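Take a look at the structure set out below.
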Amino acid sequence: MAEETATVEECVNTEIKGETWEVIQYLAMALKADNEGKTEVAQTLRSIAMDEAAHGSRFKYLAGNIGDLKSEVEKMLAGEEQAYEGKHEGMKTAESGGQKEMASWFDTAAHDEARHAAMLRNLLERYF
Ligand SMILES: [Fe+2]
Ligand SMILES: [Fe+2]
């Protein structure tokens, strides 16, 4: 049986998934390096993470995955609002599980999501 070759779309989707994972992986490694006092290691890992973000985002853009900007901003706004709720729930779960540091991070990140939502609302009012 002939080996099936992937379509460009499949290759691009594989790249987007891989690059997305790499961004988080490198940034998490950088946090560990920071914690161990290895500042230059952390900086290098962060630099690589930004390259991976650039790779993934341009693949997504070139694949035509970004539609009308207003609709995309609205979609992201709904996502940020949901992310706030989800992290708030996560905070409560972590609290009742006795994981104080995790609960605290859920709380901080939840507030970030609320701030992101406010920023997107502001863009919608001013530019769209
Ligand atoms: Fe990459
Ligand atoms: Fe967010």
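Letters A, B, ... mark the chains of the structure tokens in the order given; residue numbers begin at 1 per chain; ligand numbers begin at 1, in order shown.
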Find the residues around Ala30 of chain A up to 8 Å (only C-alpha atoms counted), leave out those fewer than 6 positions away in its own chain, and share them as a PDB file with N, CA and C atoms, in the first residue's frame.
```
ATOM      1  N   VAL A  41      19.702  30.924  31.500  1.00  0.00           N
ATOM      2  CA  VAL A  41      18.972  29.771  30.949  1.00  0.00           C
ATOM      3  C   VAL A  41      17.522  30.180  30.715  1.00  0.00           C
ATOM      4  N   ALA A  42      16.933  30.845  31.715  1.00  0.00           N
ATOM      5  CA  ALA A  42      15.533  31.281  31.614  1.00  0.00           C
ATOM      6  C   ALA A  42      15.338  32.227  30.436  1.00  0.00           C
ATOM      7  N   GLN A  43      16.272  33.172  30.272  1.00  0.00           N
ATOM      8  CA  GLN A  43      16.151  34.145  29.181  1.00  0.00           C
ATOM      9  C   GLN A  43      16.227  33.463  27.818  1.00  0.00           C
ATOM     10  N   LEU A  45      15.470  30.315  27.128  1.00  0.00           N
ATOM     11  CA  LEU A  45      14.246  29.533  26.917  1.00  0.00           C
ATOM     12  C   LEU A  45      13.080  30.438  26.538  1.00  0.00           C
ATOM     13  N   ARG A  46      13.008  31.621  27.151  1.00  0.00           N
ATOM     14  CA  ARG A  46      11.937  32.568  26.809  1.00  0.00           C
ATOM     15  C   ARG A  46      12.093  33.075  25.376  1.00  0.00           C
TER      16      ARG A  46
END
```
**OP:** May I have the residues within 12 Å of Leu123 of chain A as a VMD selection string, using only C-alpha atoms and disregarding those fewer than 2 positions away in the same chain?
**Re:** chain A and resid 69 to 70 72 to 74 76 to 77 116 to 121 125 to 128
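Excluding segment 101-108 of chain A and any residue on its chain fewer than 6 positions from it, the residues at most 10 Å away by only C-alpha atoms are Tyr84, Gly86, Lys87, His88, Glu89, Gly90, Met91, Lys92, Thr93, Ala94 and Glu95 of chain A.
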Original post:
From the set A:Thr44, A:His55, A:Gly79, A:Gly64, which residue has the shortest atom-to-atom contact distance to Met29 of chain A, counting only C-alpha atoms?
Top reply: A:Thr44
**OP:** Looking only at alpha helix (DSSP H) from DSSP on the backbone, list the matching residues of segment 64-99 of chain A as JSON, numbers by chain.
**Re:** {"A": [69, 70, 71, 72, 73, 74, 75, 76, 77, 78, 79, 80, 81, 82, 83, 84, 85, 86, 87, 88, 89, 90, 91, 92, 93, 94, 95, 96]}
**OP:** Using only C-alpha atoms and all ligand atoms, find each residue with an atom at most 7 Å away from ligand 2 and format the answer as a VMD selection string.
**Re:** chain A and resid 80 83 112 to 113 116
**OP:** Could you please extract the residues within 9 Å of ligand 1, counting only C-alpha atoms and all ligand atoms, and hand them back as a ChimeraX atom specification?
**Re:** /A:15,18-19,22-23,48-49,51-56
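Taking only C-alpha atoms, the non-local environment of segment 2-12 of chain A within 8 Å (same-chain residues fewer than 5 positions away omitted) comprises Phe59, Lys60 and Ala63 of chain A.
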Subject >> Distance of atom CA of Thr14 of chain A from atom CA of Ala78 of chain A, expressed in Å to one decimal place >> reply: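 Computing the Euclidean distance for atom CA of Ala78 of chain A and atom CA of Thr14 of chain A yields 26.0 Å.
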**OP:** Rounded to one decimal place, report the atom CA of Ile66 of chain A-atom CA of Asn13 of chain A distance in Å.
**Re:**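 Interatomic distance, atom CA of Ile66 of chain A to atom CA of Asn13 of chain A: 13.8 Å.
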Original post:
Hey, which of A:Gly97, A:Leu124, A:Arg115, A:Thr20 ends up closest to Ser57 of chain A? Count only C-alpha atoms.
Top reply: A:Thr20
